[in-house]
>>> print(open('coords_22.txt').read())   # compact mmCIF, C-alpha atoms
# COMPACT_ATOMS: atom_id res chain seq x y z
CA TRP A 15 -59.22 1.54 -34.99
CA PRO A 16 -61.96 3.72 -33.41
CA LYS A 17 -63.61 0.55 -32.03
CA PHE A 18 -60.28 -0.63 -30.64
CA LEU A 19 -59.50 2.72 -29.02
CA ARG A 20 -62.94 2.86 -27.37
CA TRP A 21 -62.44 -0.67 -26.06
CA ARG A 22 -58.97 0.18 -24.76
CA ALA A 23 -60.30 3.27 -22.94
CA ILE A 24 -62.75 1.05 -21.09
CA ASN A 25 -60.13 -1.66 -20.47
CA PRO A 26 -56.81 0.13 -19.85
CA GLY A 27 -53.76 -2.10 -19.85
CA ALA A 28 -55.59 -5.04 -21.41
CA ALA A 29 -55.06 -4.29 -25.09
CA SER A 30 -53.13 -7.50 -25.68
CA THR A 31 -56.18 -9.61 -24.83
CA TYR A 32 -58.61 -7.94 -27.22
CA PRO A 33 -60.24 -11.00 -28.83
CA ARG A 34 -60.42 -10.01 -32.52
CA ILE A 35 -58.81 -6.72 -33.40
CA GLN A 36 -57.56 -6.11 -36.92
CA LEU A 37 -54.23 -4.39 -36.37
CA LEU A 38 -53.26 -3.51 -39.90
CA ARG A 39 -54.99 -3.23 -43.24
CA LEU A 40 -53.12 -1.35 -45.91
CA MET A 41 -55.22 -2.42 -48.90
CA PRO A 42 -58.59 -4.08 -49.58
CA LEU A 43 -59.24 -7.70 -48.72
CA ARG A 44 -58.01 -10.28 -51.30
CA GLN A 45 -55.14 -8.03 -52.37
CA ARG A 46 -52.85 -9.48 -49.69
CA PHE A 47 -50.27 -6.80 -50.37
CA PHE A 48 -50.70 -6.01 -46.72
CA VAL A 49 -50.20 -7.76 -43.43
CA GLU A 50 -53.33 -8.53 -41.47
CA ALA A 51 -53.42 -9.91 -37.93
CA CYS A 52 -55.66 -10.14 -34.89
CA TYR A 53 -55.39 -11.22 -31.27
CA ARG A 54 -56.99 -14.43 -29.99
CA GLU A 55 -56.89 -16.05 -26.60
CA ARG A 56 -54.67 -19.08 -26.14
CA PRO A 57 -55.55 -21.72 -23.54
CA GLY A 58 -54.46 -20.45 -20.15
CA GLY A 59 -55.25 -16.82 -20.91
CA ARG A 60 -52.17 -16.01 -23.03
CA SER A 61 -52.78 -13.97 -26.15
CA ALA A 62 -51.20 -14.58 -29.54
CA LEU A 63 -51.25 -13.19 -33.03
CA ALA A 64 -53.41 -15.31 -35.32
CA PRO A 65 -54.55 -14.87 -38.91
CA LEU A 66 -57.82 -13.48 -40.17
CA GLY A 67 -59.45 -14.80 -43.32
CA PRO A 68 -59.36 -18.23 -44.97
CA ASP A 69 -56.90 -20.96 -44.02
CA ARG A 70 -54.65 -20.21 -46.99
CA ASP A 71 -53.67 -16.95 -45.23
CA ALA A 72 -52.23 -18.73 -42.20
CA ARG A 73 -48.64 -18.08 -43.30
CA PHE A 74 -49.19 -14.31 -43.69
CA TRP A 75 -49.97 -13.29 -40.11
CA HIS A 76 -46.53 -11.69 -39.53
CA THR A 77 -46.74 -7.95 -39.09
CA TRP A 78 -44.25 -5.47 -40.49
CA TRP A 79 -42.85 -4.75 -37.05
CA VAL A 80 -42.11 -8.47 -36.63
CA GLN A 81 -40.88 -9.30 -40.12
CA ARG A 82 -40.36 -7.30 -43.31
CA LEU A 83 -42.71 -7.96 -46.18
CA ARG A 84 -41.11 -10.30 -48.74
CA VAL A 85 -42.09 -9.93 -52.39
CA LEU A 86 -41.01 -12.04 -55.36
CA VAL A 87 -41.05 -9.99 -58.58
CA VAL A 88 -41.27 -11.99 -61.82
CA ILE A 89 -40.78 -10.62 -65.35
CA THR A 90 -40.20 -12.43 -68.64
CA ARG A 91 -37.32 -10.57 -70.32
CA GLY A 92 -34.61 -8.22 -69.08
CA GLU A 93 -34.18 -6.17 -72.25
CA PRO A 94 -34.46 -2.36 -71.97
CA GLY A 95 -38.15 -1.47 -72.18
CA GLY A 96 -41.10 0.06 -70.38
CA ALA A 97 -42.00 -2.91 -68.15
CA GLN A 98 -38.34 -3.43 -67.25
CA MET A 99 -37.86 0.24 -66.31
CA HIS A 100 -41.05 0.01 -64.27
CA VAL A 101 -39.67 -2.98 -62.34
CA LEU A 102 -36.30 -1.27 -61.88
CA GLU A 103 -37.92 1.86 -60.41
CA LEU A 104 -40.19 -0.29 -58.24
CA VAL A 105 -37.19 -2.15 -56.81
CA ARG A 106 -35.22 1.07 -56.36
CA GLY A 107 -38.07 2.64 -54.41
CA LEU A 108 -38.98 -0.35 -52.22
CA ARG A 109 -35.65 -2.08 -51.53
CA ASN A 110 -35.13 -0.34 -48.17
CA SER A 111 -38.57 -1.18 -46.80
CA VAL A 112 -39.45 -4.49 -48.50
CA GLU A 113 -37.35 -7.64 -48.89
CA LEU A 114 -37.29 -8.26 -52.64
CA HIS A 115 -36.19 -11.05 -54.95
CA VAL A 116 -36.40 -10.75 -58.75
CA ALA A 117 -36.85 -13.65 -61.19
CA VAL A 118 -36.21 -12.93 -64.88
CA GLY A 119 -35.73 -15.03 -68.00
CA ASP A 120 -32.30 -13.78 -69.12
CA GLU A 121 -29.10 -11.96 -68.13
CA GLU A 122 -29.81 -8.79 -70.08
CA PHE A 123 -30.06 -5.17 -68.92
CA LEU A 124 -32.48 -5.59 -65.99
CA ALA A 125 -30.62 -8.35 -64.13
CA GLY A 126 -27.42 -6.33 -63.93
CA GLU A 127 -29.17 -3.13 -62.84
CA ILE A 128 -31.10 -4.95 -60.11
CA ARG A 129 -27.92 -6.57 -58.76
CA LEU A 130 -26.25 -3.14 -58.57
CA LEU A 131 -29.03 -2.17 -56.16
CA GLY A 132 -28.12 -5.09 -53.90
CA VAL A 133 -31.27 -7.10 -54.64
CA PRO A 134 -30.88 -10.83 -55.47
CA VAL A 135 -31.78 -11.98 -58.98
CA THR A 136 -32.49 -15.51 -60.20
CA ILE A 137 -32.37 -16.35 -63.92
CA VAL A 138 -35.23 -18.68 -64.87
CA ALA A 139 -34.02 -20.31 -68.09
CA GLY A 140 -37.43 -21.63 -69.15
CA LEU A 141 -39.07 -18.21 -68.87
CA GLN A 142 -39.53 -17.02 -72.47
CA ARG A 143 -42.08 -15.16 -74.59
CA ASP A 144 -42.85 -17.99 -76.99
CA VAL A 145 -45.41 -20.62 -76.07
CA ALA A 146 -43.62 -23.91 -75.39
CA ALA A 147 -45.20 -26.42 -73.02
CA GLY A 148 -41.89 -27.94 -71.92
CA ALA A 149 -40.20 -24.61 -71.21
CA ASP A 150 -43.31 -23.24 -69.48
CA LEU A 151 -43.49 -26.25 -67.15
CA ARG A 152 -39.78 -25.89 -66.37
CA ALA A 153 -40.36 -22.21 -65.56
CA ILE A 154 -43.23 -23.09 -63.21
CA ARG A 155 -41.09 -25.68 -61.44
CA ALA A 156 -38.21 -23.21 -61.12
CA LEU A 157 -40.51 -20.52 -59.71
CA ARG A 158 -41.99 -22.98 -57.24
CA THR A 159 -38.46 -23.72 -56.04
CA ILE A 160 -37.75 -20.00 -55.61
CA ILE A 161 -41.02 -19.51 -53.72
CA ARG A 162 -40.24 -22.39 -51.36
CA THR A 163 -36.74 -21.02 -50.74
CA PHE A 164 -37.57 -17.31 -50.45
CA SER A 165 -41.01 -17.78 -48.78
CA PRO A 166 -42.53 -14.55 -50.13
CA HIS A 167 -45.71 -13.05 -48.72
CA LEU A 168 -46.62 -11.97 -52.24
CA VAL A 169 -45.71 -12.74 -55.87
CA HIS A 170 -45.87 -9.71 -58.19
CA THR A 171 -45.73 -10.55 -61.91
CA HIS A 172 -45.05 -8.36 -64.95
CA SER A 173 -45.50 -9.12 -68.68
CA SER A 174 -47.76 -11.77 -70.18
CA LYS A 175 -45.76 -15.01 -69.96
CA ALA A 176 -44.30 -14.25 -66.53
CA GLY A 177 -47.81 -13.36 -65.45
CA LEU A 178 -49.19 -16.75 -66.48
CA VAL A 179 -46.45 -19.01 -65.11
CA GLY A 180 -45.74 -16.83 -62.07
CA ARG A 181 -49.35 -16.71 -60.90
CA ALA A 182 -49.76 -20.43 -61.53
CA ALA A 183 -46.69 -21.19 -59.40
CA ALA A 184 -47.87 -18.86 -56.63
CA TRP A 185 -51.38 -20.31 -56.61
CA SER A 186 -50.07 -23.88 -56.46
CA LEU A 187 -48.25 -23.03 -53.21
CA GLY A 188 -51.01 -20.87 -51.71
CA VAL A 189 -49.17 -17.55 -52.10
CA PRO A 190 -51.17 -14.43 -53.09
CA SER A 191 -50.34 -12.81 -56.42
CA ILE A 192 -50.68 -9.44 -58.13
CA HIS A 193 -50.23 -8.98 -61.86
CA THR A 194 -49.32 -5.65 -63.44
CA ALA A 195 -50.68 -5.57 -66.99
CA HIS A 196 -48.41 -3.18 -68.88
CA ALA A 197 -50.34 -4.23 -71.99
CA TRP A 198 -52.75 -7.12 -72.40
CA SER A 199 -51.91 -9.97 -74.75
CA PHE A 200 -55.37 -9.39 -76.27
CA SER A 201 -55.37 -5.58 -76.51
CA ASP A 202 -57.08 -3.78 -79.37
CA GLY A 203 -55.10 -4.22 -82.59
CA ILE A 204 -53.87 -7.74 -81.81
CA PRO A 205 -55.13 -10.26 -84.40
CA TRP A 206 -58.03 -12.51 -83.40
CA ARG A 207 -56.02 -15.62 -84.26
CA ARG A 208 -53.93 -14.73 -81.21
CA LYS A 209 -56.81 -13.42 -79.10
CA GLY A 210 -58.71 -16.65 -79.70
CA TRP A 211 -56.47 -18.56 -77.31
CA THR A 212 -54.97 -15.83 -75.12
CA ILE A 213 -58.34 -14.62 -73.81
CA PRO A 214 -59.48 -18.01 -72.41
CA VAL A 215 -56.04 -18.64 -70.89
CA GLU A 216 -55.85 -15.18 -69.33
CA ALA A 217 -59.43 -15.49 -68.04
CA ALA A 218 -58.64 -18.83 -66.38
CA VAL A 219 -55.51 -17.48 -64.68
CA GLY A 220 -57.42 -14.31 -63.75
CA ARG A 221 -59.56 -16.42 -61.43
CA ILE A 222 -56.52 -17.25 -59.29
CA THR A 223 -55.18 -13.68 -59.28
CA ASP A 224 -55.75 -11.61 -56.16
CA ARG A 225 -55.36 -8.22 -57.80
CA PHE A 226 -54.58 -6.64 -61.17
CA ILE A 227 -52.72 -3.36 -61.56
CA VAL A 228 -53.18 -1.55 -64.87
CA VAL A 229 -51.47 1.61 -66.04
CA SER A 230 -54.48 3.28 -67.71
CA ARG A 231 -58.28 3.37 -67.82
CA ALA A 232 -58.13 1.92 -71.34
CA ASP A 233 -56.30 -1.19 -70.09
CA ARG A 234 -58.82 -1.55 -67.28
CA GLU A 235 -61.71 -1.43 -69.74
CA VAL A 236 -60.08 -3.99 -72.07
CA GLY A 237 -59.45 -6.44 -69.23
CA MET A 238 -63.02 -6.18 -68.00
CA ARG A 239 -64.57 -6.25 -71.48
CA PHE A 240 -63.12 -9.70 -72.19
CA GLY A 241 -63.91 -11.07 -68.74
CA VAL A 242 -60.29 -11.46 -67.69
CA ALA A 243 -60.51 -9.16 -64.67
CA ARG A 244 -63.42 -8.14 -62.44
CA ASP A 245 -63.99 -4.57 -61.35
CA ALA A 246 -63.16 -5.37 -57.71
CA GLN A 247 -59.81 -6.88 -58.77
CA VAL A 248 -58.46 -3.94 -60.78
CA ARG A 249 -56.54 -0.90 -59.57
CA ILE A 250 -55.19 1.83 -61.85
CA VAL A 251 -51.65 2.98 -61.01
CA HIS A 252 -50.26 5.33 -63.64
CA ASN A 253 -46.58 5.04 -64.50
CA GLY A 254 -44.40 7.85 -63.22
CA VAL A 255 -41.12 9.11 -64.65
CA ALA A 256 -38.52 11.46 -63.26
CA ASP A 257 -39.06 15.05 -64.40
CA GLY A 258 -36.54 16.86 -66.59
CA ASP A 259 -35.73 20.39 -67.70
CA ALA A 260 -36.90 20.02 -71.30
CA ARG A 261 -40.27 21.56 -72.12
CA GLY A 262 -42.30 21.71 -75.29
CA ASN A 263 -42.85 25.13 -76.84
CA PRO A 264 -45.45 24.87 -79.61
CA GLY A 265 -45.39 28.63 -80.19
CA LEU A 266 -41.90 28.72 -81.71
CA PRO A 267 -41.76 29.70 -85.41
CA GLY A 268 -40.47 27.30 -88.01
CA PRO A 269 -41.18 23.68 -88.92
CA ILE A 270 -43.18 21.51 -86.52
CA THR A 271 -40.97 19.19 -84.48
CA VAL A 272 -42.31 15.78 -83.55
CA LEU A 273 -40.60 13.55 -80.98
CA MET A 274 -41.19 9.83 -80.51
CA VAL A 275 -40.03 8.32 -77.21
CA ALA A 276 -39.82 4.52 -77.46
CA ARG A 277 -37.37 1.66 -77.69
CA MET A 278 -36.39 0.77 -81.25
CA ALA A 279 -38.31 -2.48 -81.54
CA GLU A 280 -40.89 -3.94 -83.90
CA PRO A 281 -43.89 -3.63 -81.53
CA LYS A 282 -43.34 0.14 -81.31
CA ASP A 283 -43.43 0.46 -85.13
CA PRO A 284 -41.34 3.64 -85.58
CA ARG A 285 -41.80 3.29 -89.37
CA LEU A 286 -45.45 4.27 -88.95
CA LEU A 287 -44.45 7.69 -87.61
CA LEU A 288 -41.89 8.18 -90.38
>>> encode(input="coords_22.txt", output="structure tokens")
Amino acid sequence: WPKFLRWRAINPGAASTYPRIQLLRLMPLRQRFFVEACYRERPGGRSALAPLGPDRDARFWHTWWVQRLRVLVVITRGEPGGAQMHVLELVRGLRNSVELHVAVGDEEFLAGEIRLLGVPVTIVAGLQRDVAAGADLRAIRALRTIIRTFSPHLVHTHSSKAGLVGRAAAWSLGVPSIHTAHAWSFSDGIPWRRKGWTIPVEAAVGRITDRFIVVSRADREVGMRFGVARDAQVRIVHNGVADGDARGNPGLPGPITVLMVARMAEPKDPRLLL
């Protein structure tokens, strides 16, 4: 911007012919969760917006004042849970400024809540947690169809299976992708018989991922330790929740009170606390 303003001061009224001026960069290169454009001369002296970067970015030259950013959000299951609440709050916060479309594997809690916000939802029947080659290929084909129809500028995936098939579908059509790792499929405590195949698969798909978002430093370190994500790819964005009136008061007399906040599901292991 300073370079552009100096150039414009010397050439008043000729800003539209500046040969290569980056008009907008909201986030670092390769993230693509931004719109980047520059001016180039057309034959005959007319100027036009044209893309910066490699050829695969040619479809993303539109600026926000020309066309709203379109994002396809993909998540495996719609059951009540942390990742689903994260997606719901993300949609609630961005729906007025970003054109969103959500793809989910079932008709549970999340699909209904998203529709109440006026955001379109597509149920991808093949999108499931279990590894099944046939279902996974069907999910990739379905997501490719959604991408062709919706034409998103970005695909944002959540949860492990949606992350794998969603990024594969996006990459196959040249669309940038971001994956939010709410928890890695190879995190500490997961048996090595599972890690033995999830790490190579995640590492391979990590090479076609433009950016990772993790919710803690610990998740960032795990992803980098196993070579799934590179330092330049990872951004830490802590989860936020609405504040409430309740406050802890450890100084009160009487028995110690312990509260566990989690969904009642096997991965949370409430029996361990009891």
>>> closest_residue(input="coords_22.txt", among="A:Ala195, A:Ile128, A:Met274, A:Val169", to="Met99 of chain A", atoms="all atoms listed in the file")
A:Ile128
>>> atom_distance(input="coords_22.txt", atom1="atom CA of Gly241 of chain A", atom2="atom CA of Ala218 of chain A")
9.7 Å
>>> atom_distance(input="coords_22.txt", atom1="atom CA of Ala232 of chain A", atom2="atom CA of Val145 of chain A")
26.3 Å
>>> closest_residue(input="coords_22.txt", among="A:Lys175, A:Leu168, A:Ser191, A:Phe123", to="Ala146 of chain A", atoms="only C-alpha atoms")
A:Lys175
>>> atom_distance(input="coords_22.txt", atom1="atom CA of Glu235 of chain A", atom2="atom CA of Ala276 of chain A")
24.0 Å
>>> closest_residue(input="coords_22.txt", among="A:Val135, A:Leu266, A:Val255, A:Ala183", to="Ile154 of chain A", atoms="only C-alpha atoms")
A:Ala183
>>> closest_residue(input="coords_22.txt", among="A:Arg231, A:Val138, A:Gly265, A:Ser165", to="Arg152 of chain A", atoms="only C-alpha atoms")
A:Val138
>>> residues_around(input="coords_22.txt", residues="Glu121 of chain A", least_positions_apart="2", cutoff="7 Å", atoms="all atoms listed in the file", output="list in words")
Gly92, Phe123, Ala125 and Ile137 of chain A
>>> write_last_selection(input="coords_22.txt", atoms="C-alpha atoms", output="PDB file, keeping the file's coordinate frame")
ATOM      1  CA  GLY A  92     -34.610  -8.220 -69.080  1.00  0.00           C
ATOM      2  CA  PHE A 123     -30.060  -5.170 -68.920  1.00  0.00           C
ATOM      3  CA  ALA A 125     -30.620  -8.350 -64.130  1.00  0.00           C
ATOM      4  CA  ILE A 137     -32.370 -16.350 -63.920  1.00  0.00           C
TER       5      ILE A 137
END
>>> residues_near_point(input="coords_22.txt", point="(-31.6, -16.7, -57.5)", cutoff="8 Å", atoms="all atoms listed in the file", output="PyMOL selection string")
chain A and resi 115-117+134-137+160
>>> closest_residue(input="coords_22.txt", among="A:Val219, A:Val275, A:Ile192, A:Ala176", to="Arg91 of chain A", atoms="all atoms listed in the file")
A:Ala176
>>> closest_residue(input="coords_22.txt", among="A:Val229, A:Ala149, A:Ile161, A:Ala246", to="Pro190 of chain A", atoms="all atoms listed in the file")
A:Ile161
>>> residues_around(input="coords_22.txt", residues="segment 200-206 of chain A", least_positions_apart="6", cutoff="10 Å", atoms="all atoms listed in the file", output="PyMOL selection string")
chain A and resi 212-213+216+232-233+236-237+240
>>> residues_around(input="coords_22.txt", residues="Thr90 of chain A", least_positions_apart="4", cutoff="10 Å", atoms="all atoms listed in the file", output="list in words")
Ala97, Gln98, Ala117, Val118, Gly119, Asp120, Ile137, Val138, Gly140, Leu141, Gln142, Arg143, Thr171, His172, Ser173, Ser174, Lys175, Ala176, Gly177, Val179 and Gly180 of chain A
>>> write_last_selection(input="coords_22.txt", atoms="C-alpha atoms", output="tab-separated table (two decimals), keeping the file's coordinate frame")
chain	number	residue	atom	x	y	z
A	97	ALA	CA	-42.00	-2.91	-68.15
A	98	GLN	CA	-38.34	-3.43	-67.25
A	117	ALA	CA	-36.85	-13.65	-61.19
A	118	VAL	CA	-36.21	-12.93	-64.88
A	119	GLY	CA	-35.73	-15.03	-68.00
A	120	ASP	CA	-32.30	-13.78	-69.12
A	137	ILE	CA	-32.37	-16.35	-63.92
A	138	VAL	CA	-35.23	-18.68	-64.87
A	140	GLY	CA	-37.43	-21.63	-69.15
A	141	LEU	CA	-39.07	-18.21	-68.87
A	142	GLN	CA	-39.53	-17.02	-72.47
A	143	ARG	CA	-42.08	-15.16	-74.59
A	171	THR	CA	-45.73	-10.55	-61.91
A	172	HIS	CA	-45.05	-8.36	-64.95
A	173	SER	CA	-45.50	-9.12	-68.68
A	174	SER	CA	-47.76	-11.77	-70.18
A	175	LYS	CA	-45.76	-15.01	-69.96
A	176	ALA	CA	-44.30	-14.25	-66.53
A	177	GLY	CA	-47.81	-13.36	-65.45
A	179	VAL	CA	-46.45	-19.01	-65.11
A	180	GLY	CA	-45.74	-16.83	-62.07
>>> build_atoms(input="coords_22.txt", residues="segment 182-195 of chain A", atoms="N, CA and C atoms", output="PDB file, in the coordinates of the input")
ATOM      1  N   ALA A 182     -49.475 -19.008 -61.701  1.00  0.00           N
ATOM      2  CA  ALA A 182     -49.760 -20.430 -61.530  1.00  0.00           C
ATOM      3  C   ALA A 182     -48.883 -21.033 -60.435  1.00  0.00           C
ATOM      4  N   ALA A 183     -47.600 -20.681 -60.429  1.00  0.00           N
ATOM      5  CA  ALA A 183     -46.690 -21.190 -59.400  1.00  0.00           C
ATOM      6  C   ALA A 183     -47.106 -20.690 -58.014  1.00  0.00           C
ATOM      7  N   ALA A 184     -47.457 -19.414 -57.924  1.00  0.00           N
ATOM      8  CA  ALA A 184     -47.870 -18.860 -56.630  1.00  0.00           C
ATOM      9  C   ALA A 184     -49.134 -19.535 -56.118  1.00  0.00           C
ATOM     10  N   TRP A 185     -50.116 -19.692 -57.001  1.00  0.00           N
ATOM     11  CA  TRP A 185     -51.380 -20.310 -56.610  1.00  0.00           C
ATOM     12  C   TRP A 185     -51.178 -21.749 -56.150  1.00  0.00           C
ATOM     13  N   SER A 186     -50.289 -22.479 -56.816  1.00  0.00           N
ATOM     14  CA  SER A 186     -50.070 -23.880 -56.460  1.00  0.00           C
ATOM     15  C   SER A 186     -49.485 -24.035 -55.066  1.00  0.00           C
ATOM     16  N   LEU A 187     -48.845 -22.983 -54.548  1.00  0.00           N
ATOM     17  CA  LEU A 187     -48.250 -23.030 -53.210  1.00  0.00           C
ATOM     18  C   LEU A 187     -49.016 -22.166 -52.214  1.00  0.00           C
ATOM     19  N   GLY A 188     -50.173 -21.643 -52.630  1.00  0.00           N
ATOM     20  CA  GLY A 188     -51.010 -20.870 -51.710  1.00  0.00           C
ATOM     21  C   GLY A 188     -50.502 -19.475 -51.407  1.00  0.00           C
ATOM     22  N   VAL A 189     -49.708 -18.897 -52.303  1.00  0.00           N
ATOM     23  CA  VAL A 189     -49.170 -17.550 -52.100  1.00  0.00           C
ATOM     24  C   VAL A 189     -49.990 -16.549 -52.911  1.00  0.00           C
ATOM     25  N   PRO A 190     -50.418 -15.440 -52.340  1.00  0.00           N
ATOM     26  CA  PRO A 190     -51.170 -14.430 -53.090  1.00  0.00           C
ATOM     27  C   PRO A 190     -50.353 -13.839 -54.224  1.00  0.00           C
ATOM     28  N   SER A 191     -51.043 -13.368 -55.261  1.00  0.00           N
ATOM     29  CA  SER A 191     -50.340 -12.810 -56.420  1.00  0.00           C
ATOM     30  C   SER A 191     -51.031 -11.559 -56.927  1.00  0.00           C
ATOM     31  N   ILE A 192     -50.214 -10.655 -57.443  1.00  0.00           N
ATOM     32  CA  ILE A 192     -50.680  -9.440 -58.130  1.00  0.00           C
ATOM     33  C   ILE A 192     -50.034  -9.435 -59.504  1.00  0.00           C
ATOM     34  N   HIS A 193     -50.790  -9.072 -60.509  1.00  0.00           N
ATOM     35  CA  HIS A 193     -50.230  -8.980 -61.860  1.00  0.00           C
ATOM     36  C   HIS A 193     -50.384  -7.558 -62.365  1.00  0.00           C
ATOM     37  N   THR A 194     -49.274  -6.961 -62.789  1.00  0.00           N
ATOM     38  CA  THR A 194     -49.320  -5.650 -63.440  1.00  0.00           C
ATOM     39  C   THR A 194     -49.382  -5.864 -64.943  1.00  0.00           C
ATOM     40  N   ALA A 195     -50.486  -5.425 -65.544  1.00  0.00           N
ATOM     41  CA  ALA A 195     -50.680  -5.570 -66.990  1.00  0.00           C
ATOM     42  C   ALA A 195     -50.172  -4.296 -67.662  1.00  0.00           C
TER      43      ALA A 195
END
